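So this one's model.tsv, TSV, C-alpha atoms:
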```tsv
chain	number	residue	atom	x	y	z
A	16	MET	CA	0.00	0.00	0.00
A	17	SER	CA	1.54	3.32	-0.97
A	18	ASN	CA	1.04	6.33	1.23
A	19	CYS	CA	0.27	8.63	-1.62
A	20	CYS	CA	-3.27	9.57	-2.43
A	21	CYS	CA	-2.77	12.51	-4.76
A	22	ASP	CA	-5.51	12.48	-7.36
A	23	ASN	CA	-3.34	12.36	-10.44
A	24	ASN	CA	-1.18	9.36	-9.65
A	25	TYR	CA	-3.87	6.77	-10.20
A	26	ASN	CA	-5.11	4.90	-13.15
A	27	LYS	CA	-8.30	2.88	-12.80
A	28	GLU	CA	-6.59	-0.39	-11.99
A	29	SER	CA	-4.07	0.90	-9.45
A	30	LEU	CA	-6.73	2.93	-7.62
A	31	LEU	CA	-9.08	-0.05	-7.41
A	32	ARG	CA	-6.21	-2.26	-6.24
A	33	GLU	CA	-5.48	0.18	-3.44
A	34	ILE	CA	-9.15	0.35	-2.45
A	35	MET	CA	-9.30	-3.46	-2.39
A	36	ALA	CA	-6.17	-3.62	-0.22
A	37	LEU	CA	-7.61	-1.06	2.20
A	38	ASN	CA	-10.97	-2.85	2.33
A	39	PHE	CA	-9.11	-6.04	3.13
A	40	ALA	CA	-7.12	-4.37	5.92
A	41	VAL	CA	-10.30	-2.84	7.38
A	42	ASN	CA	-12.08	-6.21	7.26
A	43	ASP	CA	-9.23	-8.03	8.97
A	44	LEU	CA	-9.03	-5.35	11.68
A	45	VAL	CA	-12.81	-5.60	12.18
A	46	LEU	CA	-12.55	-9.33	12.86
A	47	TYR	CA	-9.59	-8.78	15.21
A	48	LEU	CA	-11.34	-5.96	17.08
A	49	ASP	CA	-14.50	-8.05	17.48
A	50	THR	CA	-12.55	-10.20	19.93
A	51	HIS	CA	-10.03	-7.54	21.11
A	52	PRO	CA	-12.24	-4.44	21.50
A	53	ASN	CA	-9.80	-2.76	23.90
A	54	ASP	CA	-6.77	-2.77	21.58
A	55	ASN	CA	-6.27	0.95	21.00
A	56	ARG	CA	-3.52	0.49	18.45
A	57	ALA	CA	-5.83	-1.64	16.29
A	58	ILE	CA	-8.63	0.91	16.71
A	59	ARG	CA	-6.29	3.65	15.46
A	60	MET	CA	-5.31	1.52	12.44
A	61	HIS	CA	-8.96	0.84	11.72
A	62	ASN	CA	-9.73	4.57	11.86
A	63	GLU	CA	-6.84	5.40	9.55
A	64	TYR	CA	-7.67	2.80	6.89
A	65	SER	CA	-11.41	3.45	7.05
A	66	GLU	CA	-10.95	7.15	6.52
A	67	LYS	CA	-8.61	6.51	3.61
A	68	VAL	CA	-10.83	3.97	1.87
A	69	VAL	CA	-13.85	6.27	2.09
A	70	LYS	CA	-11.84	9.05	0.42
A	71	LEU	CA	-10.38	6.82	-2.29
A	72	THR	CA	-13.76	5.19	-3.02
A	73	ALA	CA	-15.27	8.64	-3.54
A	74	LEU	CA	-12.36	9.55	-5.83
A	75	TYR	CA	-12.75	6.32	-7.81
A	76	GLN	CA	-16.48	6.76	-8.23
A	77	GLU	CA	-16.00	10.31	-9.42
A	78	LYS	CA	-13.36	9.32	-12.01
A	79	PHE	CA	-14.18	5.78	-13.11
A	80	GLY	CA	-17.75	4.85	-12.19
A	81	PRO	CA	-19.69	3.32	-9.33
A	82	LEU	CA	-18.33	0.79	-6.84
A	83	THR	CA	-21.46	0.96	-4.68
A	84	VAL	CA	-25.02	2.04	-5.42
A	85	ASN	CA	-24.36	5.33	-3.62
A	86	PHE	CA	-23.19	7.49	-6.50
A	87	THR	CA	-24.45	10.32	-8.63
A	88	SER	CA	-24.35	10.33	-12.41
A	89	ASP	CA	-26.37	11.54	-15.39
A	90	THR	CA	-26.04	8.15	-17.05
A	91	TRP	CA	-26.77	4.71	-15.58
A	92	ASP	CA	-23.15	3.55	-15.18
A	93	TRP	CA	-24.00	0.82	-12.66
A	94	ILE	CA	-24.64	-1.66	-15.48
A	95	ASP	CA	-21.28	-1.01	-17.14
A	96	GLU	CA	-19.24	-4.17	-17.70
A	97	PRO	CA	-17.12	-5.95	-16.69
A	98	TRP	CA	-18.74	-7.16	-13.47
A	99	PRO	CA	-16.33	-8.34	-10.78
A	100	TRP	CA	-16.59	-12.00	-11.81
A	101	GLU	CA	-15.72	-11.26	-15.43
A	102	ARG	CA	-12.23	-11.23	-16.86
A	103	GLY	CA	-10.60	-7.82	-17.02
A	104	ALA	CA	-12.36	-6.50	-13.91
A	105	TYR	CA	-9.52	-5.66	-11.55
B	10	MET	CA	-28.95	-5.38	5.44
B	11	TYR	CA	-26.58	-6.00	2.62
B	12	TYR	CA	-25.49	-3.95	-0.31
B	13	TYR	CA	-23.18	-4.80	-3.15
B	14	VAL	CA	-19.63	-3.55	-3.68
B	15	LYS	CA	-18.68	-3.90	-7.32
B	16	SER	CA	-15.28	-5.54	-6.71
B	17	LEU	CA	-14.03	-8.89	-5.50
B	18	GLN	CA	-12.32	-9.15	-2.11
B	19	TYR	CA	-9.15	-10.32	-3.88
B	20	PRO	CA	-8.48	-9.88	-7.60
B	21	ILE	CA	-9.08	-12.83	-9.95
B	22	ASN	CA	-8.19	-12.61	-13.60
B	23	ILE	CA	-7.64	-16.04	-15.11
B	24	ASN	CA	-6.94	-15.59	-18.79
B	25	HIS	CA	-6.93	-19.24	-19.77
B	26	LYS	CA	-9.46	-22.05	-19.71
B	27	ASN	CA	-9.15	-25.05	-17.44
B	28	PRO	CA	-12.48	-26.86	-16.99
B	29	LYS	CA	-10.79	-29.82	-15.28
B	30	LEU	CA	-9.84	-27.62	-12.33
B	31	ALA	CA	-13.27	-25.97	-12.26
B	32	LYS	CA	-14.84	-29.41	-11.81
B	33	ASN	CA	-13.02	-29.78	-8.47
B	34	ILE	CA	-13.02	-26.15	-7.33
B	35	ILE	CA	-16.83	-26.00	-7.50
B	36	SER	CA	-16.85	-28.03	-4.28
B	37	GLN	CA	-15.88	-24.88	-2.39
B	38	TYR	CA	-18.95	-23.20	-3.92
B	39	GLY	CA	-21.65	-25.69	-2.99
B	40	GLY	CA	-19.94	-28.65	-1.32
B	41	PRO	CA	-20.21	-29.63	2.35
B	42	ASP	CA	-17.21	-27.54	3.50
B	43	GLY	CA	-17.64	-24.80	0.92
B	44	GLU	CA	-18.31	-21.09	1.18
B	45	LEU	CA	-22.10	-21.36	0.84
B	46	SER	CA	-22.12	-23.71	3.81
B	47	ALA	CA	-19.85	-21.36	5.73
B	48	SER	CA	-21.83	-18.17	5.14
B	49	LEU	CA	-25.20	-19.82	5.78
B	50	ARG	CA	-23.91	-21.55	8.92
B	51	TYR	CA	-22.47	-18.42	10.56
B	52	LEU	CA	-25.18	-15.98	9.50
B	53	SER	CA	-27.84	-18.37	10.86
B	54	GLN	CA	-26.02	-19.24	14.10
B	55	ARG	CA	-25.51	-15.57	15.00
B	56	PHE	CA	-29.16	-15.21	16.06
B	57	GLY	CA	-28.56	-17.61	18.94
B	58	MET	CA	-25.39	-16.05	20.34
B	59	PRO	CA	-25.29	-14.70	23.91
B	60	ASP	CA	-22.53	-12.08	24.01
B	61	GLN	CA	-21.13	-9.13	22.08
B	62	LYS	CA	-18.02	-10.87	20.76
B	63	SER	CA	-19.68	-14.02	19.42
B	64	LYS	CA	-22.50	-12.08	17.73
B	65	ALA	CA	-20.00	-9.77	16.03
B	66	VAL	CA	-17.60	-12.54	14.98
B	67	LEU	CA	-20.36	-14.69	13.43
B	68	ASN	CA	-21.90	-11.70	11.68
B	69	ASP	CA	-18.63	-10.41	10.26
B	70	ILE	CA	-17.06	-13.74	9.29
B	71	GLY	CA	-20.38	-14.86	7.76
B	72	THR	CA	-20.35	-11.72	5.67
B	73	GLU	CA	-16.75	-12.30	4.54
B	74	GLU	CA	-17.72	-15.84	3.51
B	75	LEU	CA	-20.26	-14.37	1.09
B	76	ALA	CA	-17.37	-12.51	-0.56
B	77	HIS	CA	-15.47	-15.82	-0.75
B	78	LEU	CA	-18.50	-17.54	-2.31
B	79	GLU	CA	-18.35	-14.90	-5.02
B	80	MET	CA	-14.61	-15.52	-5.50
B	81	VAL	CA	-15.01	-19.29	-5.88
B	82	GLY	CA	-17.88	-18.77	-8.32
B	83	THR	CA	-15.62	-16.38	-10.23
B	84	LEU	CA	-12.87	-19.03	-10.46
B	85	VAL	CA	-15.34	-21.60	-11.84
B	86	HIS	CA	-16.80	-19.06	-14.26
B	87	GLN	CA	-13.46	-17.86	-15.63
B	88	LEU	CA	-12.02	-21.38	-15.97
B	89	THR	CA	-15.04	-22.52	-18.02
B	90	ASP	CA	-16.07	-19.34	-19.84
B	91	GLY	CA	-15.81	-19.87	-23.59
B	92	VAL	CA	-15.13	-23.61	-23.27
B	93	SER	CA	-17.01	-25.63	-25.88
B	94	PRO	CA	-19.47	-28.38	-24.85
B	95	GLU	CA	-17.06	-30.94	-26.36
B	96	GLU	CA	-14.19	-29.69	-24.20
B	97	LEU	CA	-16.43	-29.62	-21.14
B	98	GLU	CA	-17.36	-33.23	-21.77
B	99	LYS	CA	-13.70	-34.19	-22.15
B	100	ALA	CA	-13.04	-32.61	-18.76
B	101	GLY	CA	-15.78	-34.74	-17.20
B	102	LEU	CA	-18.30	-31.91	-17.17
B	103	GLY	CA	-20.74	-33.44	-19.70
B	104	PRO	CA	-23.38	-34.21	-17.05
B	105	TYR	CA	-22.84	-30.76	-15.52
B	106	TYR	CA	-23.24	-29.06	-18.89
B	107	THR	CA	-26.46	-31.00	-19.46
B	108	ASP	CA	-28.09	-29.60	-16.35
B	109	HIS	CA	-26.38	-26.23	-15.85
B	110	GLY	CA	-24.69	-25.14	-19.07
B	111	TRP	CA	-22.23	-22.35	-18.29
B	112	GLY	CA	-24.02	-21.35	-15.10
B	113	VAL	CA	-22.40	-21.92	-11.72
B	114	TYR	CA	-24.50	-24.31	-9.66
B	115	PRO	CA	-23.87	-24.95	-5.95
B	116	GLN	CA	-22.73	-28.54	-5.88
B	117	ALA	CA	-19.93	-30.69	-4.50
B	118	ALA	CA	-17.05	-31.94	-6.66
B	119	ALA	CA	-18.74	-35.35	-6.81
B	120	GLY	CA	-21.85	-33.75	-8.31
B	121	PHE	CA	-24.38	-33.79	-5.49
B	122	PRO	CA	-26.26	-30.51	-5.03
B	123	TYR	CA	-25.83	-28.18	-2.07
B	124	ASN	CA	-27.50	-29.55	1.04
B	125	ALA	CA	-28.10	-27.68	4.30
B	126	VAL	CA	-27.52	-30.99	6.07
B	127	SER	CA	-23.83	-30.06	5.81
B	128	ILE	CA	-24.33	-27.30	8.40
B	129	ALA	CA	-25.65	-27.26	11.94
B	130	VAL	CA	-27.46	-24.53	13.83
B	131	LYS	CA	-27.86	-25.93	17.32
B	132	GLY	CA	-28.92	-22.77	19.14
B	133	ASP	CA	-26.27	-23.61	21.71
B	134	PRO	CA	-23.29	-21.24	21.63
B	135	VAL	CA	-20.65	-23.76	22.71
B	136	ALA	CA	-21.90	-26.44	20.30
B	137	ASP	CA	-22.18	-23.95	17.42
B	138	LEU	CA	-18.79	-22.27	17.92
B	139	THR	CA	-17.11	-25.66	18.30
B	140	GLU	CA	-18.67	-26.70	14.99
B	141	ASP	CA	-17.35	-23.50	13.44
B	142	LEU	CA	-13.79	-24.30	14.54
B	143	ALA	CA	-14.07	-27.69	12.83
B	144	ALA	CA	-15.66	-26.11	9.75
B	145	GLU	CA	-12.73	-23.72	9.31
B	146	GLN	CA	-10.28	-26.61	9.56
B	147	LYS	CA	-12.26	-28.65	7.02
B	148	ALA	CA	-12.33	-25.70	4.64
B	149	ARG	CA	-8.57	-25.19	5.09
B	150	ALA	CA	-7.97	-28.89	4.38
B	151	THR	CA	-10.18	-28.72	1.27
B	152	TYR	CA	-8.23	-25.75	-0.08
B	153	GLU	CA	-4.98	-27.65	0.50
B	154	LYS	CA	-6.31	-30.62	-1.47
B	155	LEU	CA	-7.39	-28.28	-4.27
B	156	ILE	CA	-3.93	-26.66	-4.27
B	157	ASP	CA	-2.45	-30.17	-4.71
B	158	LEU	CA	-4.73	-30.75	-7.71
B	159	CYS	CA	-4.13	-27.31	-9.27
B	160	LYS	CA	-0.32	-27.27	-8.93
B	161	ASP	CA	0.21	-26.63	-12.65
B	162	ASP	CA	-1.87	-23.45	-12.62
B	163	PRO	CA	-0.14	-20.76	-10.50
B	164	ALA	CA	-2.83	-18.11	-11.10
B	165	VAL	CA	-5.43	-20.44	-9.60
B	166	VAL	CA	-3.15	-21.54	-6.76
B	167	ASP	CA	-2.59	-17.89	-5.81
B	168	VAL	CA	-6.32	-17.40	-5.20
B	169	LEU	CA	-6.69	-20.73	-3.39
B	170	ARG	CA	-3.78	-19.83	-1.08
B	171	TYR	CA	-5.45	-16.54	-0.21
B	172	LEU	CA	-8.73	-18.29	0.62
B	173	ARG	CA	-6.89	-20.92	2.67
B	174	GLU	CA	-5.20	-18.22	4.76
B	175	ARG	CA	-8.52	-16.61	5.58
B	176	GLU	CA	-9.77	-19.91	7.03
B	177	VAL	CA	-6.79	-19.90	9.39
B	178	VAL	CA	-7.63	-16.36	10.58
B	179	HIS	CA	-11.29	-17.26	11.04
B	180	PHE	CA	-10.34	-20.31	13.12
B	181	GLN	CA	-8.35	-18.02	15.41
B	182	ARG	CA	-11.27	-15.57	15.84
B	183	PHE	CA	-13.78	-18.38	16.53
B	184	GLY	CA	-11.44	-19.74	19.22
B	185	GLU	CA	-11.41	-16.34	20.89
B	186	ALA	CA	-15.19	-16.04	20.63
B	187	LEU	CA	-15.59	-19.51	22.20
B	188	ASN	CA	-13.29	-18.52	25.09
B	189	GLY	CA	-15.45	-15.43	25.66
B	190	VAL	CA	-18.66	-17.47	25.75
B	191	GLN	CA	-17.17	-19.97	28.16
B	192	GLU	CA	-15.99	-17.20	30.49
B	193	LYS	CA	-19.51	-15.83	30.50
B	194	LEU	CA	-20.96	-19.24	31.32
B	195	TYR	CA	-18.52	-19.67	34.21
B	196	GLN	CA	-19.53	-16.27	35.54
B	197	ARG	CA	-23.17	-17.26	35.55
B	198	ASN	CA	-22.34	-20.41	37.49
B	199	TYR	CA	-20.50	-18.29	40.01
B	200	TYR	CA	-23.48	-16.01	40.57
B	201	LEU	CA	-25.92	-18.90	40.76
B	202	THR	CA	-23.95	-20.77	43.38
B	203	GLY	CA	-23.11	-17.50	45.13
B	204	GLY	CA	-26.87	-16.99	45.51
B	205	ASN	CA	-26.89	-13.22	45.93
B	206	ASN	CA	-30.20	-12.20	44.37
B	207	ASN	CA	-32.05	-15.35	43.59
B	208	ASN	CA	-32.83	-16.80	46.98
B	209	ASN	CA	-32.87	-14.06	49.55
B	210	ASN	CA	-35.91	-15.26	51.41
B	211	ASN	CA	-37.69	-18.18	49.98
B	212	ASN	CA	-35.07	-20.68	48.93
B	213	GLY	CA	-37.42	-23.60	49.44
B	214	CYS	CA	-35.23	-25.45	51.93
B	215	GLY	CA	-36.91	-24.07	55.02
B	216	CYS	CA	-33.85	-22.37	56.44
B	217	ASN	CA	-33.43	-18.62	56.89
B	218	ASN	CA	-29.73	-18.42	56.25
B	219	ARG	CA	-30.01	-16.38	53.08
```

Representation of the structure as structure tokens:
Amino acid sequence: MSNCCCDNNYNKESLLREIMALNFAVNDLVLYLDTHPNDNRAIRMHNEYSEKVVKLTALYQEKFGPLTVNFTSDTWDWIDEPWPWERGAY
Amino acid sequence: MYYYVKSLQYPININHKNPKLAKNIISQYGGPDGELSASLRYLSQRFGMPDQKSKAVLNDIGTEELAHLEMVGTLVHQLTDGVSPEELEKAGLGPYYTDHGWGVYPQAAAGFPYNAVSIAVKGDPVADLTEDLAAEQKARATYEKLIDLCKDDPAVVDVLRYLREREVVHFQRFGEALNGVQEKLYQRNYYLTGGNNNNNNNNGCGCNNR
């Protein structure tokens, strides 16, 4: 995971890869915190990654199309292919 | 509630066909130790859990298993997409093609359809969490067998290794949740035998000690 999140350094694939990595980190921290709710270091990591993934998801949706159904657009981009299970959908 | 995120949990882009592998991998879609079993087991058991940790762990691992179900389905789809019926038959998928074409049907490697008999929901937290520990080990073992059978296909093995590792993490979390439940049960025993609130006056034994 790079520490850079300047808007111009991303192409579609690298931005999605970073979002996927952050979502993974958040998910793993969630499972850990479910059984270690008093681990402040893990809570701080969860806060940091959550904040970052929210920002990058918004950036991705603005530039490349929807990742969730919460997006605004003049055209119905949700049905754009490829879907995640199809080849070429990083 | 659930809503969809239009990405996999871990990227899968298999650019070649390999229906032979798909025939075995489909077991982790709809077989007894597969991801459908896992998600349905945990998301159903969570309703019967007694404490904060076990409810959260079952809810959140059950949700992750749905993402894994999607990944296994993706593997099967990409390994068979564009494969001709003749090639499918050569790979032993003739009967599968007859009933399901290029769809992904929840079944075990041996061909029997998904069956909820492969999961238990006992409504007993110790019984359920102990089953979950075994389920994670069985899923890990299945992924290891699949890795043995897919050795020649590194792109597939990479995904299977990722899924295997998640089972190891889940096993750890279920162990911690089980410890929490057992601590809670011991506490209750302590209070019951300590008898502070329950039998102040009328304890039914005729004595006035408490």

Sorted by chain and rising residue number, which residues of chain A lie within 10 Å of region 59-65 of chain B, and what are their closest atom pairs and distances in Å to one decimal, counting all atoms listed in the file, as a tab-separated table?
```
residue	atom	partner	partner_atom	distance
A:Val45	CA	B:Ala65	CA	9.2
A:Leu46	CA	B:Ala65	CA	8.1
A:Leu48	CA	B:Lys62	CA	9.1
A:Asp49	CA	B:Lys62	CA	5.6
A:Thr50	CA	B:Lys62	CA	5.6
A:His51	CA	B:Lys62	CA	8.7
A:Pro52	CA	B:Lys62	CA	8.7
```

Around region 48-58 of chain B, fit a box with edges along x, y and z, padding it by 6 Å on each side, then list its centre and edge lengths in Å to one decimal as JSON.
```
{"center_x": -25.5, "center_y": -18.4, "center_z": 12.7, "size_x": 19.3, "size_y": 18.3, "size_z": 27.2}
```

Return as a tab-separated table the residues of chain B lying at most 8 Å from chain A, together with the closest atom-to-atom pair for each and the distance in Å to one decimal, counting all atoms listed in the file, with rows in chain order and ascending residue number.
```
residue	atom	partner	partner_atom	distance
B:Tyr12	CA	A:Thr83	CA	7.7
B:Tyr13	CA	A:Thr83	CA	6.2
B:Val14	CA	A:Thr83	CA	5.0
B:Lys15	CA	A:Leu82	CA	4.7
B:Ser16	CA	A:Pro99	CA	5.1
B:Leu17	CA	A:Pro99	CA	5.8
B:Gln18	CA	A:Met35	CA	6.4
B:Tyr19	CA	A:Met35	CA	7.0
B:Pro20	CA	A:Tyr105	CA	5.9
B:Ile21	CA	A:Tyr105	CA	7.4
B:Asn22	CA	A:Arg102	CA	5.4
B:Ile23	CA	A:Arg102	CA	6.9
B:Asn24	CA	A:Arg102	CA	7.1
B:Lys62	CA	A:Thr50	CA	5.6
B:Ala65	CA	A:Asp49	CA	5.9
B:Val66	CA	A:Asp49	CA	6.0
B:Asp69	CA	A:Leu46	CA	6.7
B:Ile70	CA	A:Leu46	CA	7.2
B:Glu79	CA	A:Trp100	CA	7.6
B:Met80	CA	A:Trp100	CA	7.5
B:Gly82	CA	A:Trp100	CA	7.7
B:Thr83	CA	A:Trp100	CA	4.8
B:His86	CA	A:Trp100	CA	7.5
B:Gln87	CA	A:Arg102	CA	6.9
B:Arg182	CA	A:Thr50	CA	6.9
B:Glu185	CA	A:Thr50	CA	6.3
B:Ala186	CA	A:Thr50	CA	6.4
```

Go ahead and save the picked residues with C-alpha atoms, as a short mmCIF file (atom, residue, chain, number, x, y, z; two decimals), in the coordinates of the input.
```cif
data_model
loop_
_atom_site.label_atom_id
_atom_site.label_comp_id
_atom_site.auth_asym_id
_atom_site.auth_seq_id
_atom_site.Cartn_x
_atom_site.Cartn_y
_atom_site.Cartn_z
CA TYR B 12 -25.49 -3.95 -0.31
CA TYR B 13 -23.18 -4.80 -3.15
CA VAL B 14 -19.63 -3.55 -3.68
CA LYS B 15 -18.68 -3.90 -7.32
CA SER B 16 -15.28 -5.54 -6.71
CA LEU B 17 -14.03 -8.89 -5.50
CA GLN B 18 -12.32 -9.15 -2.11
CA TYR B 19 -9.15 -10.32 -3.88
CA PRO B 20 -8.48 -9.88 -7.60
CA ILE B 21 -9.08 -12.83 -9.95
CA ASN B 22 -8.19 -12.61 -13.60
CA ILE B 23 -7.64 -16.04 -15.11
CA ASN B 24 -6.94 -15.59 -18.79
CA LYS B 62 -18.02 -10.87 20.76
CA ALA B 65 -20.00 -9.77 16.03
CA VAL B 66 -17.60 -12.54 14.98
CA ASP B 69 -18.63 -10.41 10.26
CA ILE B 70 -17.06 -13.74 9.29
CA GLU B 79 -18.35 -14.90 -5.02
CA MET B 80 -14.61 -15.52 -5.50
CA GLY B 82 -17.88 -18.77 -8.32
CA THR B 83 -15.62 -16.38 -10.23
CA HIS B 86 -16.80 -19.06 -14.26
CA GLN B 87 -13.46 -17.86 -15.63
CA ARG B 182 -11.27 -15.57 15.84
CA GLU B 185 -11.41 -16.34 20.89
CA ALA B 186 -15.19 -16.04 20.63
#
```

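Across the model, the gap from CA of Phe180 (chain B) to CA of Leu142 (chain B) is 5.5 Å.
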
| said: Between CA of Ser65 (chain A) and CA of Val41 (chain A), what distance in Å does the model show, to one decimal? | reply: 6.4 Å

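Straight-line separation from CA of Asp141 (chain B) to CA of Val165 (chain B): 26.1 Å.
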
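Proximity of B:Ser53, B:Gln146, B:Thr151, B:Asn68 to Gln37 (chain B), computed with all atoms listed in the file, is greatest for B:Thr151.
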
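With all atoms listed in the file as the atoms that count, the minimum distance from Arg173 (chain B) to the choices B:Leu187, B:Ala76, B:Ala150, B:Leu194 is reached by B:Ala150.
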